[in-house]
$ cat input18.txt   # compact mmCIF, N, CA and C atoms
# COMPACT_ATOMS: atom_id res chain seq x y z
N GLU A 1 -6.84 -46.90 -9.51
CA GLU A 1 -7.96 -46.61 -8.64
C GLU A 1 -8.72 -45.42 -9.19
N HIS A 2 -10.00 -45.51 -9.21
CA HIS A 2 -10.89 -44.46 -9.68
C HIS A 2 -11.40 -43.70 -8.46
N LEU A 3 -11.18 -42.37 -8.44
CA LEU A 3 -11.57 -41.59 -7.26
C LEU A 3 -13.03 -41.14 -7.32
N GLY A 4 -13.52 -40.82 -8.50
CA GLY A 4 -14.91 -40.42 -8.63
C GLY A 4 -15.27 -39.17 -7.85
N ILE A 5 -14.36 -38.21 -7.79
CA ILE A 5 -14.64 -36.98 -7.06
C ILE A 5 -15.21 -35.95 -8.02
N CYS A 6 -16.18 -35.18 -7.56
CA CYS A 6 -16.81 -34.18 -8.41
C CYS A 6 -17.24 -33.00 -7.56
N ASN A 7 -16.98 -31.80 -8.07
CA ASN A 7 -17.38 -30.59 -7.38
C ASN A 7 -18.04 -29.60 -8.32
N HIS A 8 -17.80 -29.74 -9.62
CA HIS A 8 -18.32 -28.79 -10.59
C HIS A 8 -19.74 -29.16 -11.01
N LYS A 9 -20.44 -28.17 -11.52
CA LYS A 9 -21.82 -28.37 -11.95
C LYS A 9 -21.95 -28.62 -13.45
N GLN A 10 -20.86 -28.41 -14.20
CA GLN A 10 -20.86 -28.65 -15.64
C GLN A 10 -19.56 -29.33 -16.05
N ARG A 11 -19.39 -29.55 -17.38
CA ARG A 11 -18.20 -30.25 -17.87
C ARG A 11 -16.92 -29.57 -17.42
N ILE A 12 -15.82 -30.34 -17.39
CA ILE A 12 -14.51 -29.86 -16.95
C ILE A 12 -13.54 -29.96 -18.13
N PRO A 13 -13.30 -28.85 -18.87
CA PRO A 13 -12.43 -28.93 -20.02
C PRO A 13 -10.94 -28.77 -19.71
N SER A 14 -10.55 -28.50 -18.46
CA SER A 14 -9.14 -28.26 -18.19
C SER A 14 -8.76 -28.74 -16.80
N LEU A 15 -7.54 -29.28 -16.69
CA LEU A 15 -6.99 -29.66 -15.39
C LEU A 15 -5.48 -29.69 -15.48
N GLN A 16 -4.81 -29.54 -14.32
CA GLN A 16 -3.37 -29.67 -14.26
C GLN A 16 -2.94 -30.10 -12.87
N PHE A 17 -1.95 -31.04 -12.84
CA PHE A 17 -1.37 -31.50 -11.59
C PHE A 17 -0.34 -30.51 -11.09
N SER A 18 -0.16 -30.49 -9.79
CA SER A 18 0.96 -29.81 -9.16
C SER A 18 1.60 -30.83 -8.24
N LEU A 19 2.76 -31.31 -8.60
CA LEU A 19 3.51 -32.26 -7.77
C LEU A 19 4.79 -31.56 -7.35
N LEU A 20 4.71 -30.87 -6.24
CA LEU A 20 5.79 -30.00 -5.81
C LEU A 20 6.34 -30.42 -4.46
N VAL A 21 7.60 -30.11 -4.23
CA VAL A 21 8.19 -30.35 -2.93
C VAL A 21 8.43 -29.00 -2.29
N TYR A 22 7.85 -28.80 -1.12
CA TYR A 22 8.08 -27.58 -0.37
C TYR A 22 9.19 -27.85 0.63
N PHE A 23 10.13 -26.91 0.74
CA PHE A 23 11.26 -27.10 1.62
C PHE A 23 10.88 -26.72 3.05
N CYS A 24 11.04 -27.66 3.94
CA CYS A 24 10.69 -27.47 5.34
C CYS A 24 11.52 -28.48 6.12
N VAL A 25 11.22 -28.59 7.40
CA VAL A 25 11.97 -29.55 8.21
C VAL A 25 11.82 -30.96 7.64
N VAL A 26 10.62 -31.35 7.37
CA VAL A 26 10.36 -32.61 6.68
C VAL A 26 9.74 -32.23 5.34
N CYS A 27 10.36 -32.61 4.25
CA CYS A 27 9.84 -32.26 2.93
C CYS A 27 8.61 -33.10 2.63
N VAL A 28 7.53 -32.43 2.37
CA VAL A 28 6.26 -33.11 2.11
C VAL A 28 5.82 -32.74 0.69
N PRO A 29 5.60 -33.72 -0.16
CA PRO A 29 5.10 -33.39 -1.50
C PRO A 29 3.69 -32.82 -1.42
N SER A 30 3.41 -31.85 -2.25
CA SER A 30 2.08 -31.26 -2.31
C SER A 30 1.36 -31.84 -3.51
N TYR A 31 0.47 -32.75 -3.29
CA TYR A 31 -0.25 -33.40 -4.37
C TYR A 31 -1.59 -32.71 -4.57
N THR A 32 -1.57 -31.69 -5.42
CA THR A 32 -2.80 -30.98 -5.70
C THR A 32 -3.10 -31.03 -7.19
N LEU A 33 -4.35 -30.90 -7.48
CA LEU A 33 -4.84 -30.90 -8.84
C LEU A 33 -5.80 -29.73 -8.96
N ALA A 34 -5.64 -28.92 -10.01
CA ALA A 34 -6.57 -27.82 -10.27
C ALA A 34 -7.43 -28.18 -11.46
N THR A 35 -8.74 -27.95 -11.34
CA THR A 35 -9.65 -28.19 -12.45
C THR A 35 -10.41 -26.91 -12.75
N GLY A 36 -10.60 -26.66 -14.04
CA GLY A 36 -11.39 -25.52 -14.48
C GLY A 36 -12.63 -26.02 -15.19
N SER A 37 -13.76 -25.38 -14.99
CA SER A 37 -15.02 -25.92 -15.46
C SER A 37 -15.82 -24.93 -16.29
N GLU A 38 -16.81 -25.48 -16.99
CA GLU A 38 -17.76 -24.65 -17.71
C GLU A 38 -18.71 -23.93 -16.76
N ASP A 39 -18.66 -24.25 -15.47
CA ASP A 39 -19.48 -23.51 -14.50
C ASP A 39 -18.75 -22.24 -13.99
N ASN A 40 -17.65 -21.87 -14.68
CA ASN A 40 -16.88 -20.65 -14.43
C ASN A 40 -16.00 -20.72 -13.18
N SER A 41 -15.87 -21.89 -12.59
CA SER A 41 -15.11 -22.00 -11.35
C SER A 41 -13.85 -22.85 -11.53
N VAL A 42 -12.95 -22.68 -10.57
CA VAL A 42 -11.74 -23.49 -10.46
C VAL A 42 -11.80 -24.20 -9.12
N SER A 43 -11.52 -25.49 -9.13
CA SER A 43 -11.46 -26.24 -7.88
C SER A 43 -10.04 -26.75 -7.67
N ILE A 44 -9.59 -26.70 -6.43
CA ILE A 44 -8.28 -27.21 -6.05
C ILE A 44 -8.52 -28.46 -5.21
N TRP A 45 -7.89 -29.55 -5.64
CA TRP A 45 -8.11 -30.86 -5.02
C TRP A 45 -6.85 -31.32 -4.30
N ASP A 46 -7.02 -31.87 -3.12
CA ASP A 46 -5.94 -32.55 -2.40
C ASP A 46 -6.10 -34.03 -2.71
N LEU A 47 -5.16 -34.57 -3.48
CA LEU A 47 -5.28 -35.96 -3.92
C LEU A 47 -5.01 -36.96 -2.80
N ARG A 48 -4.29 -36.54 -1.78
CA ARG A 48 -4.07 -37.46 -0.64
C ARG A 48 -5.35 -37.60 0.18
N ARG A 49 -6.03 -36.48 0.39
CA ARG A 49 -7.28 -36.52 1.17
C ARG A 49 -8.48 -36.85 0.29
N LYS A 50 -8.27 -36.83 -1.02
CA LYS A 50 -9.32 -37.14 -2.00
C LYS A 50 -10.53 -36.23 -1.83
N GLU A 51 -10.23 -34.91 -1.71
CA GLU A 51 -11.33 -33.96 -1.55
C GLU A 51 -10.95 -32.60 -2.11
N CYS A 52 -11.98 -31.84 -2.42
CA CYS A 52 -11.81 -30.46 -2.86
C CYS A 52 -11.47 -29.61 -1.65
N VAL A 53 -10.36 -28.87 -1.72
CA VAL A 53 -9.95 -28.04 -0.59
C VAL A 53 -10.25 -26.56 -0.82
N SER A 54 -10.57 -26.20 -2.08
CA SER A 54 -10.90 -24.81 -2.37
C SER A 54 -11.67 -24.74 -3.68
N SER A 55 -12.63 -23.85 -3.73
CA SER A 55 -13.38 -23.61 -4.95
C SER A 55 -13.41 -22.11 -5.19
N LEU A 56 -12.94 -21.70 -6.36
CA LEU A 56 -12.81 -20.28 -6.69
C LEU A 56 -13.85 -19.89 -7.73
N PRO A 57 -14.68 -18.89 -7.45
CA PRO A 57 -15.57 -18.37 -8.49
C PRO A 57 -14.74 -17.50 -9.43
N ALA A 58 -14.00 -18.15 -10.31
CA ALA A 58 -12.87 -17.54 -10.99
C ALA A 58 -13.22 -16.53 -12.08
N HIS A 59 -14.20 -16.85 -12.92
CA HIS A 59 -14.48 -16.03 -14.09
C HIS A 59 -15.99 -15.89 -14.29
N THR A 60 -16.36 -15.11 -15.31
CA THR A 60 -17.78 -14.92 -15.63
C THR A 60 -18.21 -15.75 -16.83
N ASN A 61 -17.32 -16.59 -17.34
CA ASN A 61 -17.63 -17.52 -18.41
C ASN A 61 -16.74 -18.74 -18.20
N LEU A 62 -16.90 -19.77 -19.03
CA LEU A 62 -16.20 -21.02 -18.77
C LEU A 62 -14.69 -20.87 -18.74
N ILE A 63 -14.05 -21.73 -17.97
CA ILE A 63 -12.60 -21.76 -17.83
C ILE A 63 -12.05 -22.60 -18.98
N SER A 64 -11.13 -22.02 -19.77
CA SER A 64 -10.57 -22.75 -20.90
C SER A 64 -9.25 -23.44 -20.55
N GLU A 65 -8.54 -22.96 -19.52
CA GLU A 65 -7.24 -23.54 -19.19
C GLU A 65 -6.86 -23.19 -17.76
N VAL A 66 -6.17 -24.12 -17.09
CA VAL A 66 -5.55 -23.85 -15.79
C VAL A 66 -4.11 -24.33 -15.86
N VAL A 67 -3.18 -23.51 -15.36
CA VAL A 67 -1.75 -23.84 -15.45
C VAL A 67 -1.07 -23.39 -14.16
N TYR A 68 -0.33 -24.31 -13.54
CA TYR A 68 0.51 -23.95 -12.40
C TYR A 68 1.82 -23.35 -12.88
N GLU A 69 2.32 -22.38 -12.15
CA GLU A 69 3.65 -21.83 -12.39
C GLU A 69 4.64 -22.98 -12.23
N PRO A 70 5.54 -23.22 -13.22
CA PRO A 70 6.30 -24.47 -13.26
C PRO A 70 7.46 -24.61 -12.28
N GLN A 71 7.99 -23.53 -11.72
CA GLN A 71 9.17 -23.69 -10.88
C GLN A 71 8.85 -24.14 -9.47
N ASP A 72 7.95 -23.44 -8.79
CA ASP A 72 7.61 -23.86 -7.43
C ASP A 72 6.12 -23.84 -7.16
N GLY A 73 5.32 -23.65 -8.21
CA GLY A 73 3.87 -23.67 -8.03
C GLY A 73 3.33 -22.53 -7.22
N GLY A 74 4.05 -21.41 -7.16
CA GLY A 74 3.65 -20.28 -6.35
C GLY A 74 2.37 -19.60 -6.78
N TYR A 75 2.02 -19.79 -8.06
CA TYR A 75 0.76 -19.22 -8.53
C TYR A 75 0.13 -20.11 -9.58
N LEU A 76 -1.15 -19.90 -9.78
CA LEU A 76 -1.95 -20.63 -10.76
C LEU A 76 -2.50 -19.59 -11.73
N VAL A 77 -2.50 -19.92 -13.03
CA VAL A 77 -3.02 -19.02 -14.05
C VAL A 77 -4.25 -19.68 -14.68
N THR A 78 -5.32 -18.89 -14.85
CA THR A 78 -6.53 -19.40 -15.50
C THR A 78 -6.86 -18.51 -16.69
N SER A 79 -7.43 -19.13 -17.72
CA SER A 79 -7.93 -18.36 -18.86
C SER A 79 -9.40 -18.72 -19.05
N SER A 80 -10.12 -17.81 -19.73
CA SER A 80 -11.56 -17.97 -19.79
C SER A 80 -12.15 -17.41 -21.08
N TYR A 81 -13.35 -17.87 -21.38
CA TYR A 81 -14.12 -17.32 -22.48
C TYR A 81 -14.63 -15.91 -22.16
N ASP A 82 -14.38 -15.40 -20.95
CA ASP A 82 -14.76 -14.02 -20.63
C ASP A 82 -13.69 -13.01 -21.10
N ASN A 83 -12.74 -13.49 -21.93
CA ASN A 83 -11.68 -12.68 -22.54
C ASN A 83 -10.57 -12.30 -21.57
N SER A 84 -10.47 -12.95 -20.43
CA SER A 84 -9.47 -12.56 -19.45
C SER A 84 -8.61 -13.74 -18.99
N ILE A 85 -7.49 -13.37 -18.36
CA ILE A 85 -6.57 -14.30 -17.71
C ILE A 85 -6.46 -13.82 -16.27
N LYS A 86 -6.43 -14.76 -15.33
CA LYS A 86 -6.25 -14.38 -13.93
C LYS A 86 -5.10 -15.17 -13.33
N VAL A 87 -4.39 -14.51 -12.43
CA VAL A 87 -3.28 -15.11 -11.70
C VAL A 87 -3.71 -15.22 -10.25
N TRP A 88 -3.55 -16.42 -9.67
CA TRP A 88 -4.03 -16.72 -8.32
C TRP A 88 -2.88 -17.18 -7.43
N SER A 89 -2.88 -16.78 -6.19
CA SER A 89 -1.93 -17.30 -5.21
C SER A 89 -2.31 -18.74 -4.88
N THR A 90 -1.34 -19.64 -4.87
CA THR A 90 -1.65 -21.02 -4.50
C THR A 90 -1.64 -21.23 -2.99
N THR A 91 -1.10 -20.28 -2.26
CA THR A 91 -1.11 -20.42 -0.80
C THR A 91 -2.38 -19.85 -0.18
N THR A 92 -2.87 -18.73 -0.72
CA THR A 92 -4.07 -18.10 -0.14
C THR A 92 -5.30 -18.25 -1.04
N THR A 93 -5.13 -18.69 -2.26
CA THR A 93 -6.15 -18.77 -3.32
C THR A 93 -6.77 -17.41 -3.65
N ALA A 94 -6.10 -16.34 -3.26
CA ALA A 94 -6.58 -14.99 -3.58
C ALA A 94 -6.14 -14.62 -5.00
N PRO A 95 -6.97 -13.83 -5.69
CA PRO A 95 -6.54 -13.36 -7.01
C PRO A 95 -5.42 -12.34 -6.87
N LEU A 96 -4.36 -12.51 -7.64
CA LEU A 96 -3.21 -11.61 -7.59
C LEU A 96 -3.28 -10.55 -8.69
N LYS A 97 -3.86 -10.95 -9.85
CA LYS A 97 -3.85 -10.05 -10.99
C LYS A 97 -4.85 -10.54 -12.02
N THR A 98 -5.50 -9.59 -12.70
CA THR A 98 -6.33 -9.90 -13.85
C THR A 98 -5.68 -9.28 -15.08
N LEU A 99 -5.49 -10.09 -16.11
CA LEU A 99 -4.86 -9.63 -17.34
C LEU A 99 -5.94 -9.49 -18.41
N GLY A 100 -6.25 -8.27 -18.78
CA GLY A 100 -7.25 -8.00 -19.80
C GLY A 100 -6.57 -7.42 -21.02
N GLY A 101 -7.20 -7.54 -22.16
CA GLY A 101 -6.61 -7.01 -23.38
C GLY A 101 -7.04 -7.77 -24.60
N HIS A 102 -7.46 -9.00 -24.42
CA HIS A 102 -8.01 -9.76 -25.54
C HIS A 102 -9.44 -9.29 -25.78
N THR A 103 -9.85 -9.32 -27.05
CA THR A 103 -11.22 -8.93 -27.39
C THR A 103 -12.05 -10.14 -27.80
N GLY A 104 -11.50 -11.33 -27.60
CA GLY A 104 -12.20 -12.57 -27.88
C GLY A 104 -11.89 -13.58 -26.79
N ARG A 105 -12.55 -14.72 -26.85
CA ARG A 105 -12.34 -15.79 -25.87
C ARG A 105 -10.85 -16.14 -25.78
N VAL A 106 -10.36 -16.28 -24.56
CA VAL A 106 -8.98 -16.75 -24.37
C VAL A 106 -9.03 -18.27 -24.34
N MET A 107 -8.38 -18.89 -25.30
CA MET A 107 -8.47 -20.33 -25.49
C MET A 107 -7.41 -21.11 -24.72
N ALA A 108 -6.23 -20.52 -24.55
CA ALA A 108 -5.15 -21.24 -23.88
C ALA A 108 -4.20 -20.24 -23.23
N VAL A 109 -3.52 -20.72 -22.22
CA VAL A 109 -2.54 -19.92 -21.50
C VAL A 109 -1.42 -20.85 -21.06
N ASP A 110 -0.21 -20.32 -20.95
CA ASP A 110 0.91 -21.12 -20.46
C ASP A 110 1.90 -20.18 -19.78
N VAL A 111 2.75 -20.76 -18.93
CA VAL A 111 3.80 -20.01 -18.23
C VAL A 111 5.13 -20.55 -18.73
N SER A 112 6.04 -19.64 -19.09
CA SER A 112 7.35 -20.06 -19.58
C SER A 112 8.11 -20.79 -18.48
N SER A 113 9.03 -21.65 -18.89
CA SER A 113 9.76 -22.48 -17.91
C SER A 113 10.61 -21.64 -16.96
N ASP A 114 11.03 -20.45 -17.39
CA ASP A 114 11.78 -19.56 -16.50
C ASP A 114 10.87 -18.62 -15.71
N CYS A 115 9.56 -18.74 -15.92
CA CYS A 115 8.52 -17.98 -15.22
C CYS A 115 8.56 -16.48 -15.50
N LYS A 116 9.22 -16.07 -16.58
CA LYS A 116 9.29 -14.65 -16.92
C LYS A 116 8.09 -14.18 -17.72
N TYR A 117 7.36 -15.13 -18.34
CA TYR A 117 6.26 -14.75 -19.20
C TYR A 117 5.05 -15.65 -18.99
N ILE A 118 3.90 -15.04 -19.17
CA ILE A 118 2.65 -15.78 -19.33
C ILE A 118 2.23 -15.52 -20.78
N ALA A 119 1.94 -16.57 -21.53
CA ALA A 119 1.51 -16.44 -22.91
C ALA A 119 0.04 -16.82 -23.00
N SER A 120 -0.70 -16.09 -23.83
CA SER A 120 -2.11 -16.41 -24.04
C SER A 120 -2.43 -16.31 -25.52
N VAL A 121 -3.45 -17.06 -25.92
CA VAL A 121 -3.92 -17.04 -27.30
C VAL A 121 -5.44 -16.95 -27.26
N SER A 122 -5.99 -16.20 -28.24
CA SER A 122 -7.41 -15.86 -28.18
C SER A 122 -8.09 -16.02 -29.53
N TYR A 123 -9.42 -16.08 -29.48
CA TYR A 123 -10.24 -16.07 -30.70
C TYR A 123 -10.10 -14.76 -31.46
N ASP A 124 -9.53 -13.72 -30.83
CA ASP A 124 -9.34 -12.46 -31.54
C ASP A 124 -8.14 -12.52 -32.49
N ARG A 125 -7.58 -13.72 -32.64
CA ARG A 125 -6.46 -14.01 -33.54
C ARG A 125 -5.16 -13.34 -33.12
N THR A 126 -4.99 -13.17 -31.81
CA THR A 126 -3.74 -12.62 -31.29
C THR A 126 -3.18 -13.55 -30.22
N PHE A 127 -1.89 -13.47 -30.01
CA PHE A 127 -1.30 -14.05 -28.81
C PHE A 127 -0.63 -12.90 -28.08
N LYS A 128 -0.58 -13.00 -26.78
CA LYS A 128 0.00 -11.93 -25.97
C LYS A 128 0.98 -12.55 -24.98
N LEU A 129 2.03 -11.79 -24.70
CA LEU A 129 2.97 -12.15 -23.65
C LEU A 129 2.81 -11.16 -22.51
N TRP A 130 2.70 -11.70 -21.31
CA TRP A 130 2.45 -10.90 -20.12
C TRP A 130 3.56 -11.14 -19.11
N SER A 131 3.76 -10.17 -18.23
CA SER A 131 4.67 -10.35 -17.11
C SER A 131 3.82 -10.82 -15.92
N PRO A 132 4.25 -11.88 -15.23
CA PRO A 132 3.48 -12.33 -14.07
C PRO A 132 3.58 -11.38 -12.88
N GLU A 133 4.55 -10.50 -12.89
CA GLU A 133 4.77 -9.55 -11.78
C GLU A 133 3.72 -8.46 -11.78

$ encode --input "input18.txt" --output "structure tokens"
Amino acid sequence: EHLGICNHKQRIPSLQFSLLVYFCVVCVPSYTLATGSEDNSVSIWDLRRKECVSSLPAHTNLISEVVYEPQDGGYLVTSSYDNSIKVWSTTTTAPLKTLGGHTGRVMAVDVSSDCKYIASVSYDRTFKLWSPE
């Protein structure tokens, strides 16, 4: 099935699924998808409702990558051509932290499987390891 949902004003170079189970009385899977766009924003989609549930004016230049924290999806990490990485709460969509230090476009970001590190790589020919805390 083709959903044909769109919220961004320019191309979308990055997306990532979050298929998580939250522990509660009745376990309900959280089917969300995060997209990062050349319009500098991140959109969070509820795939069950087939709609955008949040739009974040995330950066001052295009979003190069979006990555959910792999253990429980507690945070989302974005990287951008504005030379920065941002960490976002997935429950409140509030920014938790901005990681600056690259002097060139941040091309990719990832979170280690044990969630102890955020790794980034940049046009400045460096990679950096960050603490998500």

$ closest_atom_pairs --input "input18.txt" --of "stretch 20-75 of chain A" --to "stretch 87-96 of chain A" --cutoff "6.5 Å" --atoms "only N, CA and C atoms" --output "CSV"
residue,atom,partner,partner_atom,distance
A:Gly73,C,A:Thr90,CA,5.9
A:Gly74,C,A:Thr90,N,4.2
A:Tyr75,CA,A:Thr90,N,4.2

$ residues_near_point --input "input18.txt" --point "(-14.6, -25.4, -7.7)" --cutoff "8 Å" --atoms "all atoms listed in the file" --output "number ranges by chain"
A: 7-9, 35-37, 40-44, 52, 54-58

$ atom_distance --input "input18.txt" --atom1 "atom CA of A:Thr98" --atom2 "atom CA of A:Asp46"
25.4 Å

$ residues_around --input "input18.txt" --residues "A:Ile85" --least-positions-apart "2" --cutoff "6 Å" --atoms "only N, CA and C atoms" --output "PyMOL selection string"
chain A and resi 78-80+83+87+97-100

$ atom_distance --input "input18.txt" --atom1 "atom CA of A:Ser131" --atom2 "atom C of A:Ser84"
13.8 Å

$ closest_atom_pairs --input "input18.txt" --of "stretch 17-103 of chain A" --to "stretch 115-128 of chain A" --cutoff "8 Å" --atoms "all atoms listed in the file" --output "JSON lines"
{"residue": "A:Glu69", "atom": "CA", "partner": "A:Cys115", "partner_atom": "CA", "distance": 6.8}
{"residue": "A:Pro70", "atom": "N", "partner": "A:Cys115", "partner_atom": "CA", "distance": 6.4}
{"residue": "A:Gln71", "atom": "N", "partner": "A:Cys115", "partner_atom": "N", "distance": 6.6}
{"residue": "A:Asn83", "atom": "CA", "partner": "A:Ser122", "partner_atom": "CA", "distance": 7.8}
{"residue": "A:His102", "atom": "C", "partner": "A:Asp124", "partner_atom": "CA", "distance": 6.6}
{"residue": "A:Thr103", "atom": "C", "partner": "A:Asp124", "partner_atom": "CA", "distance": 5.2}

$ write_last_selection --input "input18.txt" --atoms "N, CA and C atoms" --output "PDB file, keeping the file's coordinate frame"
ATOM      1  N   GLU A  69       2.320 -22.380 -12.150  1.00  0.00           N
ATOM      2  CA  GLU A  69       3.650 -21.830 -12.390  1.00  0.00           C
ATOM      3  C   GLU A  69       4.640 -22.980 -12.230  1.00  0.00           C
ATOM      4  N   PRO A  70       5.540 -23.220 -13.220  1.00  0.00           N
ATOM      5  CA  PRO A  70       6.300 -24.470 -13.260  1.00  0.00           C
ATOM      6  C   PRO A  70       7.460 -24.610 -12.280  1.00  0.00           C
ATOM      7  N   GLN A  71       7.990 -23.530 -11.720  1.00  0.00           N
ATOM      8  CA  GLN A  71       9.170 -23.690 -10.880  1.00  0.00           C
ATOM      9  C   GLN A  71       8.850 -24.140  -9.470  1.00  0.00           C
ATOM     10  N   ASN A  83     -12.740 -13.490 -21.930  1.00  0.00           N
ATOM     11  CA  ASN A  83     -11.680 -12.680 -22.540  1.00  0.00           C
ATOM     12  C   ASN A  83     -10.570 -12.300 -21.570  1.00  0.00           C
ATOM     13  N   HIS A 102      -7.460  -9.000 -24.420  1.00  0.00           N
ATOM     14  CA  HIS A 102      -8.010  -9.760 -25.540  1.00  0.00           C
ATOM     15  C   HIS A 102      -9.440  -9.290 -25.780  1.00  0.00           C
ATOM     16  N   THR A 103      -9.850  -9.320 -27.050  1.00  0.00           N
ATOM     17  CA  THR A 103     -11.220  -8.930 -27.390  1.00  0.00           C
ATOM     18  C   THR A 103     -12.050 -10.140 -27.800  1.00  0.00           C
TER      19      THR A 103
END

$ atom_distance --input "input18.txt" --atom1 "atom CA of A:Val66" --atom2 "atom CA of A:Val106"
11.7 Å

$ closest_residue --input "input18.txt" --among "A:Tyr81, A:Val53, A:Leu129, A:Thr32" --to "A:Tyr68" --atoms "only C-alpha atoms"
A:Thr32

$ residues_near_point --input "input18.txt" --point "(-18.5, -20.9, -18.6)" --cutoff "5 Å" --atoms "all atoms listed in the file" --output "count of residues only"
6
